[in-house]
file my_file-v2.txt (compact mmCIF, C-alpha atoms and all ligand atoms)
# COMPACT_ATOMS: atom_id res chain seq x y z
CA MET A 1 11.12 17.76 3.73
CA THR A 2 8.79 16.09 6.24
CA HIS A 3 8.19 12.39 5.84
CA ALA A 4 4.89 10.78 6.78
CA ILE A 5 6.32 7.26 6.63
CA GLU A 6 9.90 6.30 7.39
CA ALA A 7 11.60 2.94 7.70
CA ARG A 8 15.21 2.19 8.47
CA GLN A 9 16.61 -1.30 7.90
CA LEU A 10 13.18 -2.73 8.73
CA SER A 11 13.40 -6.53 8.76
CA LEU A 12 11.14 -9.35 9.86
CA SER A 13 11.81 -13.07 10.00
CA PHE A 14 9.42 -15.87 10.90
CA ASN A 15 10.27 -19.32 12.22
CA ASN A 16 8.78 -21.69 9.71
CA GLU A 17 9.80 -24.90 11.43
CA ALA A 18 6.67 -26.75 10.40
CA ASP A 19 7.45 -26.14 6.73
CA TRP A 20 11.19 -26.20 6.50
CA GLY A 21 12.74 -27.84 9.51
CA ALA A 22 14.55 -25.11 11.44
CA ALA A 23 14.51 -22.57 8.63
CA ARG A 24 13.84 -18.92 9.37
CA SER A 25 12.32 -17.05 6.51
CA ARG A 26 12.94 -13.37 6.02
CA VAL A 27 9.70 -11.70 5.04
CA LEU A 28 10.96 -8.11 5.17
CA ASP A 29 14.58 -7.51 4.34
CA ARG A 30 16.28 -4.29 5.43
CA ILE A 31 13.65 -1.92 4.11
CA ASP A 32 14.66 1.73 3.94
CA LEU A 33 11.89 4.12 3.06
CA ALA A 34 11.04 7.81 3.25
CA VAL A 35 7.58 8.77 1.98
CA PRO A 36 7.05 12.54 1.72
CA GLU A 37 3.89 14.05 3.21
CA GLY A 38 1.10 14.19 0.64
CA ALA A 39 2.45 11.35 -1.50
CA VAL A 40 0.06 8.71 -2.78
CA VAL A 41 2.14 5.56 -2.92
CA GLY A 42 1.09 2.43 -4.77
CA LEU A 43 2.55 -0.64 -3.05
CA VAL A 44 3.07 -3.27 -5.69
CA GLY A 45 4.44 -6.80 -5.66
CA ARG A 46 3.54 -10.40 -6.36
CA ASN A 47 1.65 -12.59 -3.87
CA GLY A 48 3.78 -13.08 -0.77
CA ALA A 49 6.12 -10.15 -1.56
CA GLY A 50 5.48 -8.76 1.94
CA LYS A 51 3.02 -5.90 1.26
CA SER A 52 0.57 -6.69 4.10
CA THR A 53 3.42 -7.47 6.49
CA LEU A 54 5.10 -4.16 5.69
CA MET A 55 1.88 -2.27 6.43
CA ARG A 56 1.43 -4.11 9.72
CA CYS A 57 5.03 -3.34 10.74
CA LEU A 58 4.62 0.32 9.81
CA LEU A 59 1.49 0.50 11.95
CA GLY A 60 3.18 -1.21 14.91
CA LEU A 61 0.76 -4.17 14.71
CA THR A 62 3.66 -6.55 14.05
CA THR A 63 7.01 -6.06 15.77
CA PRO A 64 9.97 -6.12 13.38
CA SER A 65 12.96 -8.36 14.13
CA GLU A 66 15.34 -5.48 13.33
CA GLY A 67 15.22 -1.86 12.32
CA GLU A 68 12.49 0.65 13.00
CA ALA A 69 9.60 2.47 11.39
CA ARG A 70 8.10 5.88 12.06
CA LEU A 71 4.66 7.25 11.17
CA LEU A 72 4.00 10.99 11.24
CA GLY A 73 7.27 11.46 13.09
CA GLU A 74 6.64 8.93 15.88
CA PRO A 75 8.14 5.45 16.27
CA SER A 76 5.61 2.81 15.19
CA ARG A 77 6.29 0.73 18.29
CA ALA A 78 5.02 3.55 20.57
CA LEU A 79 2.45 5.64 18.72
CA THR A 80 0.64 8.15 20.91
CA ASP A 81 -3.15 8.51 20.78
CA ALA A 82 -2.67 11.88 19.12
CA VAL A 83 -0.97 10.22 16.12
CA ARG A 84 -3.26 7.18 16.11
CA GLU A 85 -6.20 9.55 15.67
CA ARG A 86 -4.55 10.82 12.49
CA LEU A 87 -4.21 7.33 10.96
CA GLY A 88 -6.66 5.32 8.90
CA TYR A 89 -6.14 1.65 8.05
CA ALA A 90 -8.20 -0.90 6.18
CA ALA A 91 -6.80 -4.44 6.39
CA GLN A 92 -6.94 -6.85 3.47
CA THR A 93 -9.59 -8.90 5.28
CA PRO A 94 -12.18 -6.45 6.63
CA ASP A 95 -12.07 -6.38 10.42
CA LEU A 96 -15.75 -5.83 11.28
CA PHE A 97 -18.17 -6.71 14.07
CA PRO A 98 -20.47 -9.27 12.40
CA ARG A 99 -23.63 -8.32 14.32
CA LEU A 100 -23.34 -4.56 13.91
CA THR A 101 -24.76 -2.68 10.96
CA GLY A 102 -22.62 -0.27 8.98
CA ARG A 103 -24.36 2.65 10.68
CA GLU A 104 -23.66 1.16 14.12
CA HIS A 105 -19.99 0.72 13.17
CA LEU A 106 -19.86 4.40 12.32
CA GLN A 107 -21.58 5.40 15.56
CA GLU A 108 -19.15 3.26 17.59
CA MET A 109 -16.28 4.91 15.81
CA ALA A 110 -17.68 8.40 16.38
CA ALA A 111 -17.81 7.62 20.11
CA VAL A 112 -14.07 6.86 20.13
CA TYR A 113 -12.70 9.32 17.59
CA PRO A 114 -13.79 12.93 18.05
CA GLY A 115 -12.85 13.68 14.44
CA VAL A 116 -15.46 11.39 12.83
CA HIS A 117 -17.74 13.21 10.39
CA LEU A 118 -20.86 11.07 10.29
CA ARG A 119 -22.54 13.08 7.55
CA ASP A 120 -19.57 12.76 5.19
CA ALA A 121 -19.19 9.06 5.93
CA ILE A 122 -22.88 8.43 5.24
CA ALA A 123 -22.61 10.42 2.00
CA LEU A 124 -19.59 8.35 0.91
CA ALA A 125 -21.44 5.12 1.73
CA ALA A 126 -24.38 6.29 -0.39
CA ARG A 127 -22.05 7.22 -3.23
CA LEU A 128 -20.55 3.73 -3.10
CA ASP A 129 -24.01 2.16 -2.96
CA LEU A 130 -23.30 0.59 0.43
CA PRO A 131 -26.38 -0.41 2.49
CA LEU A 132 -25.47 1.00 5.92
CA GLY A 133 -28.57 -0.48 7.60
CA ARG A 134 -27.45 -4.08 6.99
CA ARG A 135 -25.48 -6.17 9.51
CA ALA A 136 -21.85 -6.75 8.53
CA ASP A 137 -22.29 -10.52 8.37
CA ALA A 138 -25.06 -10.04 5.79
CA LEU A 139 -22.92 -7.88 3.49
CA SER A 140 -21.22 -9.23 0.39
CA LEU A 141 -17.41 -9.28 0.52
CA GLY A 142 -17.27 -6.25 -1.77
CA ASP A 143 -19.66 -4.32 0.52
CA GLN A 144 -17.65 -5.37 3.58
CA GLN A 145 -14.59 -3.92 1.89
CA LYS A 146 -16.45 -0.70 1.14
CA LEU A 147 -17.51 -0.44 4.80
CA ALA A 148 -13.92 -0.99 5.97
CA VAL A 149 -12.78 1.84 3.70
CA VAL A 150 -15.63 4.18 4.76
CA LEU A 151 -14.57 3.54 8.38
CA ALA A 152 -10.89 4.13 7.59
CA LEU A 153 -11.77 7.48 6.01
CA ALA A 154 -14.45 8.58 8.50
CA HIS A 155 -12.17 10.66 10.74
CA ASP A 156 -10.45 12.37 7.81
CA PRO A 157 -7.03 10.83 8.56
CA ASP A 158 -3.77 12.52 7.55
CA LEU A 159 -2.21 9.15 6.74
CA LEU A 160 -4.19 6.32 5.20
CA LEU A 161 -2.95 2.76 4.74
CA LEU A 162 -5.13 0.56 2.58
CA ASP A 163 -4.33 -3.09 1.96
CA GLU A 164 -5.93 -4.19 -1.30
CA PRO A 165 -9.04 -2.13 -0.67
CA VAL A 166 -10.61 -2.61 -4.07
CA ALA A 167 -9.95 -6.30 -4.77
CA SER A 168 -13.64 -7.26 -4.46
CA LEU A 169 -15.17 -4.04 -5.77
CA ASP A 170 -16.90 -3.80 -9.13
CA PRO A 171 -15.27 -1.41 -11.64
CA ILE A 172 -17.74 1.47 -11.05
CA SER A 173 -17.34 1.33 -7.28
CA ARG A 174 -13.57 1.12 -7.74
CA ARG A 175 -13.46 4.28 -9.80
CA ASP A 176 -15.71 6.20 -7.37
CA PHE A 177 -13.77 4.94 -4.43
CA MET A 178 -10.39 5.91 -5.87
CA ARG A 179 -11.71 9.43 -6.51
CA ALA A 180 -13.17 9.65 -3.01
CA LEU A 181 -9.80 8.79 -1.50
CA PHE A 182 -8.35 12.03 -2.70
CA THR A 183 -11.25 14.42 -2.86
CA LEU A 184 -12.82 13.83 0.55
CA ARG A 185 -10.70 16.02 2.73
CA ARG A 186 -11.88 18.61 5.22
CA ARG A 187 -8.47 19.96 6.00
CA VAL A 188 -6.22 21.76 3.53
CA GLU A 189 -3.15 19.63 4.27
CA PRO A 190 -2.70 16.89 1.70
CA ARG A 191 -3.34 13.35 2.84
CA THR A 192 -0.58 10.75 2.54
CA VAL A 193 -1.77 7.39 1.23
CA LEU A 194 -0.11 3.98 1.01
CA VAL A 195 -2.30 1.63 -0.99
CA SER A 196 -1.51 -1.89 -2.11
CA SER A 197 -3.25 -3.42 -5.08
CA HIS A 198 -2.85 -5.93 -7.85
CA LEU A 199 -5.13 -3.78 -10.03
CA LEU A 200 -2.32 -1.80 -11.58
CA SER A 201 -4.42 0.11 -14.08
CA ASP A 202 -6.43 1.57 -11.17
CA LEU A 203 -3.25 2.51 -9.33
CA GLU A 204 -1.63 4.07 -12.39
CA ARG A 205 -4.35 6.71 -12.49
CA VAL A 206 -4.00 7.92 -8.93
CA VAL A 207 -0.52 7.41 -7.52
CA SER A 208 2.31 9.93 -7.23
CA HIS A 209 4.87 7.26 -6.28
CA VAL A 210 5.25 3.50 -6.67
CA LEU A 211 7.01 1.14 -4.31
CA PHE A 212 7.89 -2.19 -5.90
CA LEU A 213 8.47 -4.95 -3.38
CA ARG A 214 9.97 -8.36 -4.13
CA GLU A 215 10.65 -11.05 -1.55
CA GLY A 216 10.57 -8.47 1.22
CA ARG A 217 12.99 -6.08 -0.45
CA VAL A 218 12.41 -2.68 -1.99
CA GLN A 219 13.20 -3.14 -5.67
CA LEU A 220 12.35 0.36 -6.71
CA PHE A 221 10.71 3.41 -5.12
CA VAL A 222 10.03 6.09 -7.70
CA GLU A 223 7.92 9.09 -8.53
CA TRP A 224 5.53 7.70 -11.09
CA ASP A 225 5.60 10.61 -13.56
CA GLU A 226 9.41 10.54 -13.51
CA ALA A 227 9.43 6.78 -13.99
CA MET A 228 7.16 6.97 -17.02
CA GLU A 229 9.19 9.75 -18.52
CA HIS A 230 12.68 8.43 -17.91
CA LEU A 231 12.77 4.70 -17.15
CA ARG A 232 13.52 2.51 -20.15
CA CYS A 233 14.56 -1.03 -20.87
CA VAL A 234 17.59 -1.85 -23.05
CA PRO A 235 18.93 -5.24 -24.18
CA ALA A 236 21.90 -6.37 -22.05
CA GLU A 237 23.36 -9.85 -21.66
CA GLN A 238 24.56 -9.16 -18.13
CA PRO A 239 24.17 -6.60 -15.33
CA GLU A 240 25.89 -3.31 -16.07
CA PRO A 241 26.98 -0.46 -13.80
CA GLY A 242 24.35 2.25 -13.66
CA GLY A 243 21.53 -0.19 -14.47
CA LEU A 244 18.64 -0.10 -11.99
CA HIS A 245 17.80 -3.77 -12.45
CA TRP A 246 18.94 -6.58 -14.71
CA SER A 247 16.62 -9.35 -15.81
CA ALA A 248 17.82 -12.57 -17.46
CA ALA A 249 14.51 -13.00 -19.30
CA GLN A 250 14.25 -12.54 -23.07
CA GLY A 251 18.00 -12.70 -23.62
CA GLY A 252 18.75 -10.14 -20.91
CA ARG A 253 17.19 -6.74 -20.23
CA LEU A 254 18.47 -3.81 -18.24
CA LEU A 255 16.33 -1.13 -16.61
CA VAL A 256 17.97 2.26 -17.04
CA ASP A 257 17.34 5.96 -16.67
CA ARG A 258 17.45 7.31 -20.20
CA ARG A 259 19.08 10.53 -19.01
CA GLN A 260 22.16 8.43 -18.27
CA ARG A 261 21.90 6.11 -21.28
CA PRO A 262 21.75 7.71 -24.71
CA ASP A 263 21.20 4.24 -26.26
CA ALA A 264 17.80 4.06 -24.47
CA ALA A 265 16.45 7.09 -26.32
CA GLY A 266 14.43 5.12 -28.88
CA GLN A 267 12.96 2.65 -26.37
CA PRO A 268 9.26 2.90 -25.46
CA GLY A 269 8.08 3.97 -21.99
CA LEU A 270 7.14 1.34 -19.43
CA GLY A 271 3.79 0.84 -17.72
CA MET A 272 3.45 -0.38 -14.16
CA GLU A 273 2.78 -3.92 -15.35
CA ASP A 274 5.94 -3.90 -17.54
CA LEU A 275 7.99 -2.73 -14.58
CA LEU A 276 6.51 -5.30 -12.20
CA GLU A 277 7.25 -8.07 -14.68
CA LEU A 278 10.79 -6.85 -15.32
CA LEU A 279 11.58 -6.44 -11.63
CA ASN A 280 10.39 -9.97 -10.90
CA THR A 281 12.41 -11.84 -13.53
N1 LIG B 301 2.56 -15.08 10.81
C1 LIG B 301 3.33 -15.56 9.82
N2 LIG B 301 4.12 -16.64 9.97
C2 LIG B 301 4.90 -17.09 8.98
N3 LIG B 301 4.97 -16.53 7.75
C3 LIG B 301 4.19 -15.45 7.53
C4 LIG B 301 3.34 -14.89 8.53
N4 LIG B 301 2.70 -13.82 8.01
C5 LIG B 301 3.15 -13.70 6.74
N5 LIG B 301 4.03 -14.68 6.45
C6 LIG B 301 4.72 -14.87 5.17
O1 LIG B 301 5.22 -13.62 4.78
C7 LIG B 301 5.23 -13.51 3.37
C8 LIG B 301 4.62 -12.19 2.96
O2 LIG B 301 3.22 -12.23 3.24
P1 LIG B 301 2.29 -10.97 2.97
O3 LIG B 301 0.90 -11.35 3.36
O4 LIG B 301 2.89 -9.78 3.62
O5 LIG B 301 2.43 -10.82 1.40
P2 LIG B 301 1.59 -9.89 0.38
O6 LIG B 301 2.60 -9.24 -0.49
O7 LIG B 301 0.67 -9.01 1.14
O8 LIG B 301 0.80 -10.99 -0.45
P3 LIG B 301 -0.64 -10.93 -1.22
O9 LIG B 301 -0.43 -10.12 -2.45
O10 LIG B 301 -0.90 -12.37 -1.52
O11 LIG B 301 -1.63 -10.33 -0.26
C9 LIG B 301 4.50 -14.73 2.84
O12 LIG B 301 5.44 -15.66 2.38
C10 LIG B 301 3.79 -15.25 4.05
O13 LIG B 301 3.65 -16.65 3.98

call {"tool": "encode", "arguments": {"input": "my_file-v2.txt", "output": "structure tokens"}}
result
Amino acid sequence: MTHAIEARQLSLSFNNEADWGAARSRVLDRIDLAVPEGAVVGLVGRNGAGKSTLMRCLLGLTTPSEGEARLLGEPSRALTDAVRERLGYAAQTPDLFPRLTGREHLQEMAAVYPGVHLRDAIALAARLDLPLGRRADALSLGDQQKLAVVLALAHDPDLLLLDEPVASLDPISRRDFMRALFTLRRRVEPRTVLVSSHLLSDLERVVSHVLFLREGRVQLFVEWDEAMEHLRCVPAEQPEPGGLHWSAAQGGRLLVDRRQRPDAAGQPGLGMEDLLELLNT
């Protein structure tokens, strides 16, 4: 199987001397990851879990302290232009030129990336109700986010990384945008997407996989349909072999795969919010 995103023992530490004397804090902790081509991965975790940092390391924008990442088969630290042209990224804080209009942003991009489809991008902007004639510094935060996403999608990338792209969008725009992510494709090959969000109900509708991150570590990386079908929570006073995670909360709870635990048969399925809560306690 080909993997669009790979990480091996990816770690990152920062010197936080101002905060903690000479302490070094580990923001990413030995992350191993293999995301199959065509997967739509929801990246989920509490504030400060390391989601944005992981995306930046994957893209080669931040250099890891240890380990390595690969995108579309190439090491992130040395991506060729050919692979860069197949990537789309929208940062959590939109990275726009304040004096340029949305349309000018698109034209600038078309000049650099031969694969930009102006007509499709303009159609997506219209669908999202984004005024392309307005300067970026005159756009609301939600509209700036929409523009960042329209730009990230404009060249029909094979791999799309979106860092909280819908946080400031109203519910109607969010729904339209989530649909657009997966339907706007000129090529037949499926697009791989890594999207972080705290809006779990939006993610639940569109993802094929979920990556739960806690304090820079991968807690769980699962196919979402499988997780809903088979992951269950059973009471347990202490960690047990075969359990995927043990939480001390509520008298002790163990996350298990019900195929391995007959006693989990009567337990209800877990939503993304249940899992996030369980994995963080
Ligand atoms: N340049 C830096 N120097 C020191 N610490 C940093 C730096 N960048 C990030 N961190 C720390 O790394 C941790 C992870 O931050 P990150 O922004 O990746 O989290 P996140 O999961 O994206 O959070 P949120 O959901 O709030 O966006 C935080 O504790 C943050 O303070």

call {"tool": "residues_near_ligand", "arguments": {"input": "my_file-v2.txt", "ligand": "ligand LIG 301 (chain B)", "cutoff": "10 Å", "atoms": "all atoms listed in the file", "output": "VMD selection string"}}
result
chain A and resid 12 to 19 24 to 28 43 to 57 62 92 to 93 163 to 164 196 to 198 213 to 216

call {"tool": "residues_around", "arguments": {"input": "my_file-v2.txt", "residues": "Glu240 of chain A", "least_positions_apart": "4", "cutoff": "12 Å", "atoms": "all atoms listed in the file", "output": "tab-separated table (two decimals) with C-alpha atoms, in the coordinates of the input"}}
result
chain	number	residue	atom	x	y	z
A	234	VAL	CA	17.59	-1.85	-23.05
A	235	PRO	CA	18.93	-5.24	-24.18
A	236	ALA	CA	21.90	-6.37	-22.05
A	244	LEU	CA	18.64	-0.10	-11.99
A	245	HIS	CA	17.80	-3.77	-12.45
A	246	TRP	CA	18.94	-6.58	-14.71
A	247	SER	CA	16.62	-9.35	-15.81
A	252	GLY	CA	18.75	-10.14	-20.91
A	253	ARG	CA	17.19	-6.74	-20.23
A	254	LEU	CA	18.47	-3.81	-18.24
A	255	LEU	CA	16.33	-1.13	-16.61
A	256	VAL	CA	17.97	2.26	-17.04
A	261	ARG	CA	21.90	6.11	-21.28

call {"tool": "atom_distance", "arguments": {"input": "my_file-v2.txt", "atom1": "atom CA of Gly271 of chain A", "atom2": "atom CA of Leu160 of chain A"}}
result
24.9 Å

call {"tool": "closest_atom_pairs", "arguments": {"input": "my_file-v2.txt", "of": "segment 49-125 of chain A", "to": "segment 29-38 of chain A", "cutoff": "9 Å", "atoms": "all atoms listed in the file", "output": "CSV"}}
result
residue,atom,partner,partner_atom,distance
A:Leu54,CA,A:Ile31,CA,9.0
A:Glu66,CA,A:Arg30,CA,8.0
A:Gly67,CA,A:Arg30,CA,7.4
A:Ala69,CA,A:Leu33,CA,8.8
A:Leu72,CA,A:Glu37,CA,8.6

call {"tool": "closest_residue", "arguments": {"input": "my_file-v2.txt", "among": "A:His117, A:Pro64, A:Pro190, A:Leu59", "to": "Thr80 of chain A", "atoms": "only C-alpha atoms"}}
result
A:Leu59

call {"tool": "closest_residue", "arguments": {"input": "my_file-v2.txt", "among": "A:Gln219, A:Gln267, A:Ser173, A:Gln144", "to": "Phe97 of chain A", "atoms": "all atoms listed in the file"}}
result
A:Gln144

call {"tool": "atom_distance", "arguments": {"input": "my_file-v2.txt", "atom1": "atom CA of Gln238 of chain A", "atom2": "atom CA of Gly42 of chain A"}}
result
29.4 Å

call {"tool": "axis_aligned_box", "arguments": {"input": "my_file-v2.txt", "around": "segment 169-183 of chain A", "padding_each_side": "5 Å", "output": "AutoDock Vina command-line options"}}
result
--center_x -13.0 --center_y 5.2 --center_z -6.6 --size_x 19.4 --size_y 28.5 --size_z 20.1

call {"tool": "atom_distance", "arguments": {"input": "my_file-v2.txt", "atom1": "atom CA of Leu128 of chain A", "atom2": "atom CA of Ala111 of chain A"}}
result
23.7 Å

call {"tool": "residues_around", "arguments": {"input": "my_file-v2.txt", "residues": "Pro268 of chain A", "least_positions_apart": "6", "cutoff": "10 Å", "atoms": "all atoms listed in the file", "output": "list of chain:residue names"}}
result
A:Met228, A:Glu229, A:His230, A:Leu231, A:Arg232, A:Cys233, A:Val234

call {"tool": "closest_residue", "arguments": {"input": "my_file-v2.txt", "among": "A:Ala121, A:Leu270, A:Val41, A:Leu10", "to": "Ala152 of chain A", "atoms": "all atoms listed in the file"}}
result
A:Ala121

call {"tool": "closest_atom_pairs", "arguments": {"input": "my_file-v2.txt", "of": "segment 208-249 of chain A", "to": "segment 200-204 of chain A", "cutoff": "10 Å", "atoms": "all atoms listed in the file", "output": "JSON lines"}}
result
{"residue": "A:Ser208", "atom": "CA", "partner": "A:Glu204", "partner_atom": "CA", "distance": 8.7}
{"residue": "A:His209", "atom": "CA", "partner": "A:Glu204", "partner_atom": "CA", "distance": 9.5}
{"residue": "A:Val210", "atom": "CA", "partner": "A:Leu203", "partner_atom": "CA", "distance": 9.0}
{"residue": "A:Trp224", "atom": "CA", "partner": "A:Glu204", "partner_atom": "CA", "distance": 8.1}
{"residue": "A:Asp225", "atom": "CA", "partner": "A:Glu204", "partner_atom": "CA", "distance": 9.8}

call {"tool": "residues_around", "arguments": {"input": "my_file-v2.txt", "residues": "Ala110 of chain A", "least_positions_apart": "6", "cutoff": "12 Å", "atoms": "only C-alpha atoms", "output": "PyMOL selection string"}}
result
chain A and resi 85+103-104+116-119+121+151-156
